[in-house]
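Step one of this worksheet: look at the structure below.
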Amino acid sequence: MQYALEGSQALARTVALCRPQVIAAYPITPQTHIVENLSKLVADGLLDCELVSVESEFSAASVVLGAVAAGARAYTASSSQGILLMCEVLYNISGLRLPMVMTCANRAVSGPLSIWNDQQDSMAVRDAGWVQLYCATNQEAVDTTIQAYLIAEQTELPVMVCVDGFTLTHTLEVLDIPDQQQVDRFLPPFNFDRRLDPTSPISIGTLVAPDFFTESRGDHHRALTNAQQAIVAAAAAWEDVCGRRQNPLLCVSDMGDARIGILTLGSIAGTLAAARDHFQSVPATRLMALRAFRPFPAEAIRHACEGLTDLVVLERALSPGSGGIVGTEVRAALSELQTAPRVHNFSVGLGGRDVPMDIYPRIHEAVRAGSGIPFDIIDLEPDKLPAAI
Amino acid sequence: MGLKLTRGAFAHPATSLRYRTGSWRMERPVHRHRPAPCHAVCPAGEDAQAWLALVAEERYREAWETIVAVNPLPAVTGRVCHHPCEQICNRGNFDEPIAIHHIERWLGDQAITTGWAYPAVAPAHGAKTVAVVGAGPAGCSAAWQLTRRGYRVDLFEALPVAGGLLRSALPPYRLPRSVLDGELERLLASGIAFRPGQRLGRDFSLDELGSEYAAVFLGPGTQRSRDWDIDGATPQDLHVGLDLLKRWLDVGFVPDWTSAAIIGGGNTAIDLARVLRHAGVETVHVVTHQSLPHPGVEQTDTMPAIAREIEQAMEEGVVFHEHRGVQRLVLRGERVVGLELVHRKELREVNEAVRHVSFEGTESLLHVDQVIPAIGQTVDPAGLESLLERRDFLTATEQGRLSGAPGLYAGGDACGNHGSVSAAIGDGRRAALTIERDLQRIADPDHGEPPAITPAELNMNYFEPQPRQHAPVLPVAERSGEAEIISGLAQQQVAREAHRCLSCGNCLACDNCWTLCPDVAVLKTRHPVEDGSHYVFDYDFCKGCGLCARECPTSYIVMETEP
Amino acid sequence: MGDSSDQLSHRGLRLSQPRFSGLESGHRACQGCGEALGARLVTEAAGPDVAYANATGCLEVFTTAWPDSAWRVPWIHSLFENAPAVAAGMEAALKARGKTTRVISMGGDGSTFDIGFQALSGMLERGHNVLHVCFDNEAYMNTGIQRSSSTPHAASTTTSPSGKVRMGKRHLKKDIVSIVAAHHIPYAATSSVAYPSDIRKKVRRALAIDGPTFLHIHTPCPLGWGHDGALSIEVARLAVQTGLFPIIELERGRLAGSMPIRTVRPVTDYLQLQTRFRHLFADDARAREELEHLQALADHNIEVYNLRGTQPDSRDSEGADTVRRGGMRWA
């Protein structure tokens with residue numbers, strides 16, 4: 001059913017449809033509207049669950065950890081500082097193989113302070129062992145959140161659904177919200193084998209000595225890598241239910257005969273699509289929106305880059321002192337190819353800087369210039385820089 | 001080995017039981033029974049802690065049977081024993097000692113009232129027969145022990161009734177006849193062949209016994225009063241202490257003296273003094289060269305009489321003169337009219353030699369109508385001349401064998417004990433056990449008893465002070481007849497008192513060790529285990545920390561080096 | 001690894017003990033560990049229908065060296081600072097699922113007083129039906145005896161050692177019970193492993209209450225405090241009898257009961273048993289001053305919590321652990 005909703009509101013309704021039993025809520029811009037909306041649903045009796053208004057994000061993650069361990073479907077959301085604060089818990093949740101879904105409303109991380117959108121926060125926890133799915137649109141966020149529970153509960157891995165803060169969360173648009181029956185058909189009740197239960201008491205969170213720790217990490221790595229299959233299957237299954245095309249690992253505009261590709265994550269994909277339509281004189285370009293960042297779909301990316309001479313990786317984060325994050329991983333994946341395209345890695349839109357459509361010709365200009373700079377912050381304005389030391 | 005990781009590395013419950021932390025131990029806890037001090041000090045050899053535990057569990061008959069396995073006369077000793085067990089009771093270091101003596105009395109009285117039979121066995125087929133001479137406490141004890149072990153016993157007694165000094169020398173206000181008879185009748189009915197009116201020397205000889213019986217136990221007591229004179233002078237109508245007491249108890253008489261002085265510091269002196277007071281003698285003195293029992297006075301200098309009896313005598317108006325001797329009799333013709341007393345002490349030399357020293361210049365006059373020596377008894381030599389050889393007492397070893405006379409055993413007052421009923425009972429028992437060993441050609445045990453539990457070894461933190469139960473004592477004004485001066489405790493009092501026992505050296509199933517082990521290495525058993533406790537140590541897991549030993553209130557758990 | 005538990009010599013007896021066993025043998029605690037004893041007593045008293053969240057520290061390390069676990073109850077260890085938050089999540093989940101299972105959060109003093117303080121406060125404030133038990137051995141013991149805010153004044157630890165210019169920990173022991181009580185929770189109490197029946201009573205009392213409850217149990221650490229493992233109970237008892245560790249109960253923030261001390265012991269009786277206070281017995285004016293300070297702190301406790309008993313009481317520091325013949329009848 002179609003509704004004109006703010007992104008956060010849509011997410012709240014979607015989460016409610018997934019029948020969570022425990023929700024942990026802590027405010028941080030720009031995620032706050034999600035938990036506020038959920039609180040209102042609970043207050044109006046439209047969502048029957050235990051809503052725990054915790055005293056920090058560390059506790060938010062800990063509460064959902066405990067809730068899942070005790071056999072309940074759980075949810076929380078955070079951004080930026082909150083994601084970093086709960087970092088220790090994120091590792092713990094995935095290492096203990098506790099399935100849950102968290103929305104990360106992507107926001108820059110301090111210092112200096114910024115409340116606006118970039119993807120540094122989720123990138124900072126890319127090694128925490130979670131499935132990370134990046135949504136390009138609010139509709140995709142709705143669909144992905146529902147699939148996330150199925151993926152999580154089948155693989156027994158936690159899933160982070162990344163949604164650009166403000167850009168998506170605070171945008172009002174018409175969205176298709178599934179009905180309860182659709183979601184119930186798709187998502188069975190949570191039945192966790194390893195739940196804490198006096199009739200079958202186990203000990204979770206033991207001390208593992210060197211002789212088995214490698215296997216523990218190895219098993220986790222294997223599970224997360226294999227989660228690609230679950231991601232693909234969930235997408236196909238949901239597509240059957242809702243009728244909308246789903247793009248499990250990445251969305252490729254068309255394979256065509258373009259020689260230049262641009263890969264990005266999140267809402268910038270929409271800007272690029274509009275820009276491509278707008279700037280007709282620019283060479284043909286294959287647009288890719290990466291949805292699954294963890295597990296990293298190297299094979300799918302290689303396949304999507306077939307025939308390209310140049311690939312631009314456009315990301316809203318960077319690893320200071322190194323360069324791009326996604327770009328580095330893509331470059332490594334493509335290096336397997338006999339004739340790998342040249343990778344041009346750009347950071348853009350950091351700290352919420354608007355990414356206008358004319359980024360599109362600028363990207364192409366940079367490709368043409370072909371200076372071979374491995375990484376650049378493409379929208380940096382040098383005049384604003386302080387004198388270098 | 002095939003161990004596979006679990007998802008998220010969870011562990012199954014109680015799998016730590018695979019890891020035997022017992023290998024960490026340097027020492028291990030063990031249950032070690034050591035005697036409670038009441039057991040160690042009892043002259044008869046009773047384990048009071050053991051039967052108090054049974055009383056605490058309301059197993060009264062079993063408690064009585066535990067006593068009579070060692071001492072067949074609890075109703076008697078529960079009245080006349082000087083109860084060294086109470087003096088040494090560890091509870092005395094906490095609040096007040098347990099009233100062991102009164103509880104023993106109560107059990108003895110219960111047996112009499114209820115009619116509990118002495119648990120005897122029929123003599124074994126072809127059992128040997130042993131002769132016991134003297135049915136006093138030593139002889140009765142020896143006879144009983146032998147009967148319980150399946151021997152036939154012929155118990156010879158010069159008098160028509162059994163009891164010895166218990167009957168002839170203990171006033172009824174200390175030991176009622178009904179109680180004495182109540183116990184003796186049931187004891188003799190347990191299978192002992194009683195031969196009254198048979199006097200050694202007159203009716204049979206030692207040699208005859210020696211040839212007819214497998215062994216002979218002698219408990220003749222000390223029937224002969226010591227000679228007494230002051231510089232060769234004795235009063236014309238000299239009455240000797242014990243004989244006088246016996247006569248009074250036997251036939252009674254009314255003395256027509258206004259005042260009397262009794263010389264001596266033993267139980268006979270005190271009993272006689274009190275008897276005279278009850279009979280109406282206005283002033284009764286007791287003169288002794290020893291000291292009254294004050295705290296801090298050396299044992300060797302103290303009067304041998306039971307302190308409680310001395311106390312009651314004082315209440316009844318007997319006047320005591322301690323550290324005094326009689327220097328001279330003041331006679332008018334042959335009658336005594338007074339005594340010259342002098343300060344006298346017994347001085348011990350470095351080489352243990354004893355000297356009685358009178359101190360010149362400390363003389364005083366005591367006017368009395370009668371002077372009665374009660375300075376001790378010796379063995380009546382009739383029939384025992386060859387053994388005594390003019391000595392005052394028989395010489396027996398600790399096990400009760402008579403030196404140089406195989407097949408002959410002895411015990412009780414006749415061996416020079418300090419006139420204690422319980423010591424006599426103990427002698428009789430030990431001699432009976434020796435007789436059995438000798439008849440079966442078993443060697444004497446060579447290990448001594450381990451030391452008794454001391455107060456420092458108990459953990460007193462776990463006990464709550466509780467006052468001792470008191471038995472009613474007849475006020476002085478009412479002490480004239482035969483009524484017992486000290487009554488017994490009531491049943492509820494007995495129960496409460498038994499619960500005060502600290503159970504030194506024995507498990508009281510308090511659950512401390514079971515509760516306090518951080519390693520869950522002490523397990524509780526449904527039924528008592530062989531060592532009498534209710535717990536076992538799981539040595540697979542015990543790390544030897546020693547908490548259980550430290551917190552065991554009764555010192556029943558000790559830490560020993562890991563073998 | 002060891003052979004199976006089927007080969008244990010007392011297996012049958014162990015499995016038929018007349019009490020609930022939540023913590024089994026085979027854990028790797030030091031000899032005489034007060035915390036192991038405390039955890040055992042708490043799980044026994046709480047019974048089988050309880051799930052536990054345990055903070056990082058000695059207890060979880062010595063009980064769950066994979067693949068072994070000493071726990072017979074459902075149990076989770078997450079991180080150092082979040083046991084009460086994890087417990088809150090468990091409680092919410094069990095409530096949502098309509099289960100009767102109770103939740104107990106366990107942590108040492110490090111996690112309760114310091115790093116997990118926030119999580120504890122949040123759990124209490126939100127009124128979760130969770131009992132938080134703090135096993136207080138007065139330092140970060142698992143990492144090798146470092147000072148926490150619970151370490152008593154003048155105690156020597158590796159990060160507050162005594163030396164030429166310092167007399168051990170400078171700061172006072174944090175008054176956690178007052179802080180917890182200021183949340184106005186229905187029930188907060190202290191106890192000690194020297195009084196197991198008191199622990200049992202308080203665990204049951206707390207679990208009978210619907211709402212957040214807190215139990216602070218004093219648990220000696222032989223290694224960290226510097227005494228023989230066999231003395232753990234003795235030391236714990238003296239802490240109570242000197243007044244240094246008051247046994248109290250608070251309801252909605254107000255003092256509702258205390259264990260009177262029948263015979264108050266001087267603090268030196270307690271301190272001299274532990275090498276962590278050894279420096280206070282040197283011939284040094286500052287050491288003497290610190291002894292006086294500790295005595296003053298004990299005296300203050302006695303006054304503030306009204307700990308001086310007027311007469312023998314079966315519930316006081318000498319009556320509460322009175323033994324009786326034939327303790328707990330075999331069920």
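Letters A, B, ... mark the chains of the structure tokens in the order given; residue numbers begin at 1 per chain; ligand numbers begin at 1, in order shown.
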
- Non-local contacts of B:Gln198 (8 Å; only C-alpha atoms; under 3 positions in same chain excluded) as a list in words: Phe156, Glu157, Ala158, Leu159, Arg195, Arg202, Asp203 and Phe204 of chain B

Please produce, as a Markdown table, a per-residue contact table for chain B versus chain C (criterion: any atom at most 8 Å away, only C-alpha atoms considered), showing the nearest atom pair and its distance in Å to one decimal, sorted by chain then residue number.
| residue | atom | partner | partner_atom | distance |
| --- | --- | --- | --- | --- |
| B:Ala9 | CA | C:Trp66 | CA | 7.0 |
| B:Phe10 | CA | C:Trp66 | CA | 7.5 |
| B:Ala11 | CA | C:Pro67 | CA | 5.4 |
| B:His12 | CA | C:Ser69 | CA | 6.4 |
| B:Pro13 | CA | C:Arg72 | CA | 4.9 |
| B:Ala14 | CA | C:Ala70 | CA | 4.7 |
| B:Thr15 | CA | C:Asp68 | CA | 4.8 |
| B:Ser16 | CA | C:Asp68 | CA | 4.6 |
| B:Leu17 | CA | C:Gly26 | CA | 5.0 |
| B:Arg18 | CA | C:Gly2 | CA | 5.1 |
| B:Tyr19 | CA | C:Gly26 | CA | 5.1 |
| B:Arg20 | CA | C:Gly26 | CA | 5.8 |
| B:Thr21 | CA | C:Gly26 | CA | 5.6 |
| B:Asn461 | CA | C:Glu318 | CA | 6.4 |
| B:Tyr462 | CA | C:Thr322 | CA | 4.4 |
| B:Phe463 | CA | C:Thr322 | CA | 5.2 |
| B:Glu464 | CA | C:Gly319 | CA | 6.1 |
| B:His499 | CA | C:Arg325 | CA | 7.5 |
| B:Leu508 | CA | C:Arg325 | CA | 5.1 |
| B:Ala509 | CA | C:Gly326 | CA | 4.5 |
| B:Cys510 | CA | C:Gly327 | CA | 4.4 |
| B:Asp511 | CA | C:Gly327 | CA | 5.5 |
| B:Asn512 | CA | C:Val323 | CA | 7.8 |
| B:Thr515 | CA | C:Pro196 | CA | 7.6 |
| B:Leu516 | CA | C:Leu37 | CA | 6.7 |
| B:Cys517 | CA | C:Leu37 | CA | 6.7 |
| B:Pro518 | CA | C:Leu37 | CA | 4.1 |
| B:Asp519 | CA | C:Ser25 | CA | 5.1 |
| B:Val520 | CA | C:Ser25 | CA | 5.4 |
| B:Ala521 | CA | C:Ser25 | CA | 6.6 |
| B:Leu523 | CA | C:Arg14 | CA | 6.5 |
| B:Lys524 | CA | C:Gln17 | CA | 6.5 |
| B:Thr525 | CA | C:Leu13 | CA | 7.2 |
| B:Arg526 | CA | C:Trp330 | CA | 6.4 |
| B:Asp538 | CA | C:His10 | CA | 6.9 |
| B:Asp540 | CA | C:Leu8 | CA | 7.6 |
| B:Phe541 | CA | C:Gly26 | CA | 6.1 |
| B:Lys543 | CA | C:Gln31 | CA | 6.0 |
| B:Gly544 | CA | C:Gln31 | CA | 7.0 |
| B:Cys545 | CA | C:Gln31 | CA | 4.8 |
| B:Gly546 | CA | C:Ala230 | CA | 4.5 |
| B:Leu547 | CA | C:Ala230 | CA | 4.2 |
| B:Cys548 | CA | C:Ala230 | CA | 7.7 |
| B:Ala549 | CA | C:Ala230 | CA | 7.9 |
| B:Arg550 | CA | C:Ala230 | CA | 6.3 |
| B:Glu551 | CA | C:Ile233 | CA | 7.7 |

Tell me, counting only C-alpha atoms, for each residue of chain A within 8 Å of chain C, which pair of atoms is nearest and how far apart they are in Å to one decimal, in rows ordered by chain and increasing number, as a tab-separated table.
residue	atom	partner	partner_atom	distance
A:Gln21	CA	C:Ala96	CA	5.9
A:Val22	CA	C:Ala93	CA	6.0
A:Cys49	CA	C:Ala96	CA	6.4
A:Glu50	CA	C:Ala92	CA	5.7
A:Val52	CA	C:Ala92	CA	7.8
A:Ser53	CA	C:Arg126	CA	7.9
A:Val54	CA	C:Gly122	CA	6.5
A:Glu55	CA	C:Gly122	CA	5.6
A:Phe58	CA	C:Asn82	CA	7.7
A:Ser59	CA	C:Ala85	CA	5.4
A:Ala60	CA	C:Ala85	CA	7.8
A:Ser62	CA	C:Val86	CA	4.9
A:Val63	CA	C:Gly89	CA	3.9
A:Val64	CA	C:Gly89	CA	5.7
A:Leu65	CA	C:Val86	CA	6.3
A:Gly66	CA	C:Val86	CA	4.3
A:Ala67	CA	C:Gly89	CA	4.3
A:Val68	CA	C:Ala93	CA	7.4
A:Ala69	CA	C:Met90	CA	7.1
A:Ala70	CA	C:Met90	CA	5.3
A:Gly71	CA	C:Ala93	CA	6.8
A:Ala72	CA	C:Ala93	CA	5.1
A:Val89	CA	C:Leu79	CA	7.4
A:Asn92	CA	C:Ser78	CA	6.7
A:Leu196	CA	C:Pro74	CA	5.1
A:Asp197	CA	C:Pro74	CA	5.7
A:Pro198	CA	C:Pro74	CA	5.7
A:Ser200	CA	C:Pro74	CA	7.4
A:Pro201	CA	C:Pro74	CA	4.1
A:Ile202	CA	C:Pro74	CA	5.2
A:Ser203	CA	C:Trp75	CA	4.8
A:Ile204	CA	C:Ile76	CA	4.5
A:Gly205	CA	C:His77	CA	4.7
A:Thr206	CA	C:Thr64	CA	5.1
A:Leu207	CA	C:Ala65	CA	4.9
A:Val208	CA	C:Trp66	CA	5.4
A:Ala209	CA	C:Trp66	CA	7.5

Restricted to C-alpha atoms, what would the selected residues look like written as a short mmCIF file (atom, residue, chain, number, x, y, z; two decimals), in the first residue's frame?
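File result19.cif, as written:
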data_model
loop_
_atom_site.label_atom_id
_atom_site.label_comp_id
_atom_site.auth_asym_id
_atom_site.auth_seq_id
_atom_site.Cartn_x
_atom_site.Cartn_y
_atom_site.Cartn_z
CA GLN A 21 9.81 -8.28 20.35
CA VAL A 22 12.43 -5.96 21.79
CA CYS A 49 6.91 -5.09 21.88
CA GLU A 50 9.24 -4.20 24.74
CA VAL A 52 13.75 -0.12 26.07
CA SER A 53 14.83 3.52 26.13
CA VAL A 54 18.44 3.00 27.01
CA GLU A 55 20.99 5.40 28.36
CA PHE A 58 26.54 0.94 24.04
CA SER A 59 23.59 -0.20 26.07
CA ALA A 60 21.30 -0.11 23.06
CA SER A 62 23.86 -4.61 24.57
CA VAL A 63 20.13 -4.72 25.16
CA VAL A 64 19.45 -6.17 21.73
CA LEU A 65 22.33 -8.58 22.23
CA GLY A 66 20.71 -9.85 25.41
CA ALA A 67 17.28 -9.88 23.84
CA VAL A 68 18.35 -12.05 20.93
CA ALA A 69 20.28 -14.36 23.24
CA ALA A 70 17.05 -14.79 25.17
CA GLY A 71 15.24 -15.75 21.99
CA ALA A 72 13.52 -12.54 20.92
CA VAL A 89 29.35 -4.66 21.15
CA ASN A 92 30.63 -9.22 20.24
CA LEU A 196 19.10 -19.01 26.86
CA ASP A 197 16.67 -21.54 28.24
CA PRO A 198 16.65 -23.21 31.66
CA SER A 200 18.58 -26.58 27.95
CA PRO A 201 21.13 -24.32 29.63
CA ILE A 202 24.19 -23.39 27.58
CA SER A 203 26.99 -20.95 28.25
CA ILE A 204 27.42 -18.25 25.63
CA GLY A 205 30.54 -16.12 25.41
CA THR A 206 33.28 -18.43 26.57
CA LEU A 207 37.03 -17.96 26.59
CA VAL A 208 38.61 -19.58 23.53
CA ALA A 209 42.28 -20.47 23.59
#

- Can you list, as a PyMOL selection string, every protein, DNA or RNA residue that comes within 10 Å of C:Thr263 when you count only C-alpha atoms, leaving out same-chain residues fewer than 4 positions away? chain C and resi 241-242+308-312+316-318

- Task: Excluding B:Val275 and any residue of its chain fewer than 3 positions from it, enumerate the residues within 10 Å of it, using only C-alpha atoms, and give them as a VMD selection string.
- Result: chain B and resid 171 173 245 248 to 249 269 to 272 278 to 281 284 313 480 to 481

N, CA and C atoms of the current selection, written as an mmCIF file, in the first residue's frame:
data_model
loop_
_atom_site.group_PDB
_atom_site.id
_atom_site.type_symbol
_atom_site.label_atom_id
_atom_site.label_comp_id
_atom_site.auth_asym_id
_atom_site.auth_seq_id
_atom_site.Cartn_x
_atom_site.Cartn_y
_atom_site.Cartn_z
ATOM 1 N N PRO B 171 25.593 -42.038 101.463
ATOM 2 C CA PRO B 171 24.312 -41.711 102.084
ATOM 3 C C PRO B 171 23.206 -41.641 101.033
ATOM 4 N N TYR B 173 20.955 -39.529 100.535
ATOM 5 C CA TYR B 173 20.686 -38.237 99.921
ATOM 6 C C TYR B 173 21.622 -37.992 98.745
ATOM 7 N N LEU B 245 30.331 -44.484 109.349
ATOM 8 C CA LEU B 245 29.416 -44.131 108.258
ATOM 9 C C LEU B 245 28.595 -45.348 107.850
ATOM 10 N N TRP B 248 26.046 -46.121 110.433
ATOM 11 C CA TRP B 248 24.922 -45.171 110.391
ATOM 12 C C TRP B 248 23.988 -45.489 109.230
ATOM 13 N N LEU B 249 24.562 -45.779 108.083
ATOM 14 C CA LEU B 249 23.751 -46.085 106.915
ATOM 15 C C LEU B 249 23.014 -47.409 107.069
ATOM 16 N N ALA B 269 35.152 -38.455 104.705
ATOM 17 C CA ALA B 269 35.143 -37.418 105.751
ATOM 18 C C ALA B 269 33.952 -36.486 105.543
ATOM 19 N N ILE B 270 33.769 -36.068 104.322
ATOM 20 C CA ILE B 270 32.691 -35.128 104.032
ATOM 21 C C ILE B 270 31.337 -35.780 104.262
ATOM 22 N N ASP B 271 31.162 -36.987 103.725
ATOM 23 C CA ASP B 271 29.888 -37.682 103.908
ATOM 24 C C ASP B 271 29.564 -37.822 105.374
ATOM 25 N N LEU B 272 30.563 -38.228 106.127
ATOM 26 C CA LEU B 272 30.353 -38.429 107.564
ATOM 27 C C LEU B 272 29.988 -37.116 108.242
ATOM 28 N N HIS B 278 23.210 -33.719 109.725
ATOM 29 C CA HIS B 278 21.795 -34.046 109.518
ATOM 30 C C HIS B 278 21.232 -34.748 110.739
ATOM 31 N N ALA B 279 22.086 -35.521 111.438
ATOM 32 C CA ALA B 279 21.602 -36.298 112.591
ATOM 33 C C ALA B 279 21.476 -35.430 113.836
ATOM 34 N N GLY B 280 21.925 -34.173 113.741
ATOM 35 C CA GLY B 280 21.682 -33.277 114.860
ATOM 36 C C GLY B 280 22.900 -32.849 115.651
ATOM 37 N N VAL B 281 24.084 -33.303 115.231
ATOM 38 C CA VAL B 281 25.287 -32.840 115.954
ATOM 39 C C VAL B 281 25.452 -31.351 115.659
ATOM 40 N N VAL B 284 30.113 -29.519 113.694
ATOM 41 C CA VAL B 284 30.927 -30.555 113.068
ATOM 42 C C VAL B 284 32.101 -29.877 112.378
ATOM 43 N N ALA B 313 28.430 -29.244 102.037
ATOM 44 C CA ALA B 313 28.735 -29.417 103.465
ATOM 45 C C ALA B 313 28.838 -28.059 104.143
ATOM 46 N N SER B 480 17.486 -32.950 105.633
ATOM 47 C CA SER B 480 17.691 -33.686 106.870
ATOM 48 C C SER B 480 17.388 -35.147 106.665
ATOM 49 N N GLY B 481 16.497 -35.406 105.793
ATOM 50 C CA GLY B 481 16.074 -36.776 105.617
ATOM 51 C C GLY B 481 16.874 -37.484 104.556
#

- Residues near A:Pro189, cut-off 12 Å, only C-alpha atoms, skip fewer than 3 positions along chain, as a VMD selection string: (chain A and resid 17 to 21 71 to 74 149 to 150 153 to 154 183 to 186 192) or (chain C and resid 97)

- Sel. of strand (DSSP E) residues, stretch 85-195 of chain A, as a list in words: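 In stretch 85-195 of chain A, DSSP puts these residues in strand (DSSP E): Val101, Met102, Thr103, Cys104, Ala105, Asn106, Val131, Gln132, Leu133, Tyr134, Cys135, Val159, Met160, Val161, Cys162, Val163, Asp164, Leu172, Glu173, Val174, Leu175 and Asp176 of chain A.
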
- In Å and to one decimal, atom CA of C:Gly108 is distant from atom CA of C:Leu215 by 11.5 Å
